[in-house]
Amino acid sequence: MTAKNRESLFDSVAAMSSSPQAAEAPVRTPALQAKTPVIDRRYSAALDRRDFLKTAPLPCLAACASALFGTSAGASLLAAPAREDDAQYIKEARFYEKLPYKKTKCKLCPRECVIDDKERGYCGVRENRGGTYYTLVHSRVVTAHIDPMEKKPFFYFMPGSTTFSIATAGCNVNCKMCQNWEISQVRPEQVRSTYVPPARLAELARQYRCASIAYTYSEPVIFYEYMVDAADAAHALGVKSAVVSGGYVQADPLKKLCARVDAIKVDLKAYSEKFYKEVVNGELKPVLDAIVTIRKEGRWNEIVYLVVPTLNDSDQEFKGLARWVKSEVGPDVPLHFSRFHPEYLLKNLPPTPLATLERAKAIADGEGLHYVYIGNVPGHPAEKTYCPRCRKVVVDRMGFTVGDVHIRNGKCKFCQEPIAGVWT
Ligand code: SF4
């Protein structure tokens, strides 16, 4: 994507808004997020998310958010953050129970937050108002990008296509290695948003010739209602939907999601409850259950495992993971071992050594998985897809660029071996 058409994208998203404030708002990009310090790292390393939100003064966050949106075009691109009570973003939540005394119990993710009136759930984007539970982030987009599908990464879902990628603020876990923590670990009113209703999002994806919309960057489970409405609107225009999620979601909403989208990539953070407890503030078992559910529901699924030095990189863990994948969802589910780069609260650790990634791949290959990749190492031979039977390259890749594809009608062009995936 060139700088020129990125500007066009910003203009289009801003222009479609019916909100005078949001009409001037630029669309955030991960590049801006990555370069802009938002909180004082001296404190961030010692505070968990809850403590940080309690102690960080809102004006400071607002100022930092302004910096995030600063561009060479200057102040004309800045707009005040959307108001918390801005009605256009608020819809009744789909998965919750009403409890006595105007309490609600959220049934969207395994955390099952029980919320008093006027309070919010852990993710910060769902609020109890008088005993009714609401999402605050329907159509409330904080970032939009046109990405290659390979960046998600999806390697078996329309390779070489582009995907219109969006997110809202918020997340239902707190990974210490989060690369998008400036949007995932804040409340929606603490970052600038643009109003992008589902039909407009679908139009934009088609206008920019994207084969799909990707719900990504933060955690799409927490903007569930927007995601499924957008997926329906996109399908009506012939645009597919791909979800990039941590998989921390309950079975009922996940099954219903599977019926509405085309592919779900799960970021499996580790293969140990200890890591999930200490580094993610979540649980492993519900995520494993989610991967099995996606497979059973027939949605295309790939798994990414970010290898964090010293924390989830043991032979035992790699072997246990590979055996679980093979026995529970099958050897054809792609498994990507991705290189970690120091981020957020784990800046004290080094990037993953290449030897560790190659060790992980060798173990998973040895356990009989058919499609094991090494990610975030551009140019590595383990970026390519090899036919599991004849071992010829059937999808050539270099970084996010796709070369020759030798798959015809879902089969290897050389030996006719079926290659699972969504190719058109
Ligand atoms: S989706 Fe949010 S409010 Fe609902 S249970 Fe999960 S963290 Fe709590």
# chains A, B, ... in the order shown; residues from 1 in each chain; ligands from 1
>>> residues_near_ligand(ligand="ligand 1", cutoff="9 Å", atoms="only C-alpha atoms and all ligand atoms", output="ChimeraX atom specification")
/A:95-96,105-115,120-127,135,170-173,221-224,248-249
>>> select_by_dssp(residues="region 269-316 of chain A", states="strand (DSSP E or B)", output="ChimeraX atom specification")
/A:300-307
>>> write_last_selection(atoms="C-alpha atoms", output="PDB file, in the first residue's frame")
ATOM      1  CA  TRP A 300     -10.795 -22.359   8.461  1.00  0.00           C
ATOM      2  CA  ASN A 301      -8.350 -22.106  11.356  1.00  0.00           C
ATOM      3  CA  GLU A 302      -4.639 -21.408  11.719  1.00  0.00           C
ATOM      4  CA  ILE A 303      -2.685 -21.241  14.969  1.00  0.00           C
ATOM      5  CA  VAL A 304       0.069 -18.778  15.823  1.00  0.00           C
ATOM      6  CA  TYR A 305       2.420 -19.337  18.747  1.00  0.00           C
ATOM      7  CA  LEU A 306       4.628 -16.386  19.680  1.00  0.00           C
ATOM      8  CA  VAL A 307       7.794 -17.885  21.112  1.00  0.00           C
TER       9      VAL A 307
END
>>> closest_atom_pairs(of="region 261-311 of chain A", to="region 177-190 of chain A", cutoff="10 Å", atoms="only C-alpha atoms", output="JSON lines")
{"residue": "A:Lys269", "atom": "CA", "partner": "A:Met177", "partner_atom": "CA", "distance": 9.8}
{"residue": "A:Val279", "atom": "CA", "partner": "A:Met177", "partner_atom": "CA", "distance": 8.0}
{"residue": "A:Val280", "atom": "CA", "partner": "A:Met177", "partner_atom": "CA", "distance": 8.5}
{"residue": "A:Leu306", "atom": "CA", "partner": "A:Met177", "partner_atom": "CA", "distance": 9.4}
{"residue": "A:Val308", "atom": "CA", "partner": "A:Met177", "partner_atom": "CA", "distance": 8.5}
>>> write_last_selection(atoms="C-alpha atoms", output="compact mmCIF listing (two decimals), in the first residue's frame")
# COMPACT_ATOMS: atom_id res chain seq x y z
CA LYS A 269 0.02 -17.68 23.75
CA VAL A 279 1.82 -13.46 31.50
CA VAL A 280 -1.64 -13.28 29.90
CA LEU A 306 4.63 -16.39 19.68
CA VAL A 308 8.89 -15.78 24.09
>>> closest_residue(among="A:Glu219, A:Glu343, A:Glu97, A:Asp396", to="Gly379 (chain A)", atoms="only C-alpha atoms")
A:Asp396
>>> closest_residue(among="A:Val329, A:Tyr195, A:Tyr386, A:Asp315", to="Arg359 (chain A)", atoms="only C-alpha atoms")
A:Asp315
>>> atom_distance(atom1="CA of Arg299 (chain A)", atom2="CA of Ile264 (chain A)")
6.9 Å
>>> residues_around(residues="Val325 (chain A)", least_positions_apart="3", cutoff="10 Å", atoms="only C-alpha atoms", output="PDB file with C-alpha atoms, in the first residue's frame")
ATOM      1  CA  LEU A 288      -7.784 -24.984  23.433  1.00  0.00           C
ATOM      2  CA  ILE A 291      -9.668 -24.159  18.656  1.00  0.00           C
ATOM      3  CA  VAL A 292     -11.475 -27.504  18.743  1.00  0.00           C
ATOM      4  CA  ILE A 303      -2.685 -21.241  14.969  1.00  0.00           C
ATOM      5  CA  LYS A 319       6.192 -31.305  21.950  1.00  0.00           C
ATOM      6  CA  GLY A 320       3.027 -31.130  24.043  1.00  0.00           C
ATOM      7  CA  LEU A 321       1.575 -28.485  21.743  1.00  0.00           C
ATOM      8  CA  ALA A 322       2.363 -30.407  18.556  1.00  0.00           C
ATOM      9  CA  GLU A 328      -7.343 -32.763  18.620  1.00  0.00           C
ATOM     10  CA  VAL A 329      -7.599 -30.807  15.352  1.00  0.00           C
ATOM     11  CA  GLY A 330      -5.404 -32.761  12.939  1.00  0.00           C
ATOM     12  CA  PRO A 331      -2.021 -32.435  11.231  1.00  0.00           C
ATOM     13  CA  ASP A 332      -3.329 -30.154   8.463  1.00  0.00           C
ATOM     14  CA  VAL A 333      -4.004 -27.178  10.762  1.00  0.00           C
ATOM     15  CA  PRO A 334      -1.129 -24.750  10.111  1.00  0.00           C
ATOM     16  CA  LEU A 335       1.031 -23.879  13.097  1.00  0.00           C
ATOM     17  CA  ALA A 364       6.505 -30.081  15.516  1.00  0.00           C
ATOM     18  CA  GLU A 367       5.483 -35.064  15.691  1.00  0.00           C
ATOM     19  CA  GLY A 368       3.862 -35.313  12.258  1.00  0.00           C
ATOM     20  CA  LEU A 369       2.313 -31.873  11.661  1.00  0.00           C
TER      21      LEU A 369
END
>>> closest_residue(among="A:Val261, A:Asn174, A:Arg397, A:Ala360", to="Leu345 (chain A)", atoms="only C-alpha atoms")
A:Asn174
>>> select_by_dssp(residues="region 49-282 of chain A", states="alpha helix (DSSP H)", output="PyMOL selection string")
chain A and resi 49-55+58-69+181-184+198-207+224-236+251-258+273-275
>>> closest_residue(among="A:Leu268, A:Val196, A:Ala242, A:Val142", to="Ala167 (chain A)", atoms="only C-alpha atoms")
A:Val142
>>> residues_around(residues="Val243 (chain A)", least_positions_apart="4", cutoff="7 Å", atoms="only C-alpha atoms", output="MDAnalysis selection string")
chainID A and resid 214:216 263:265
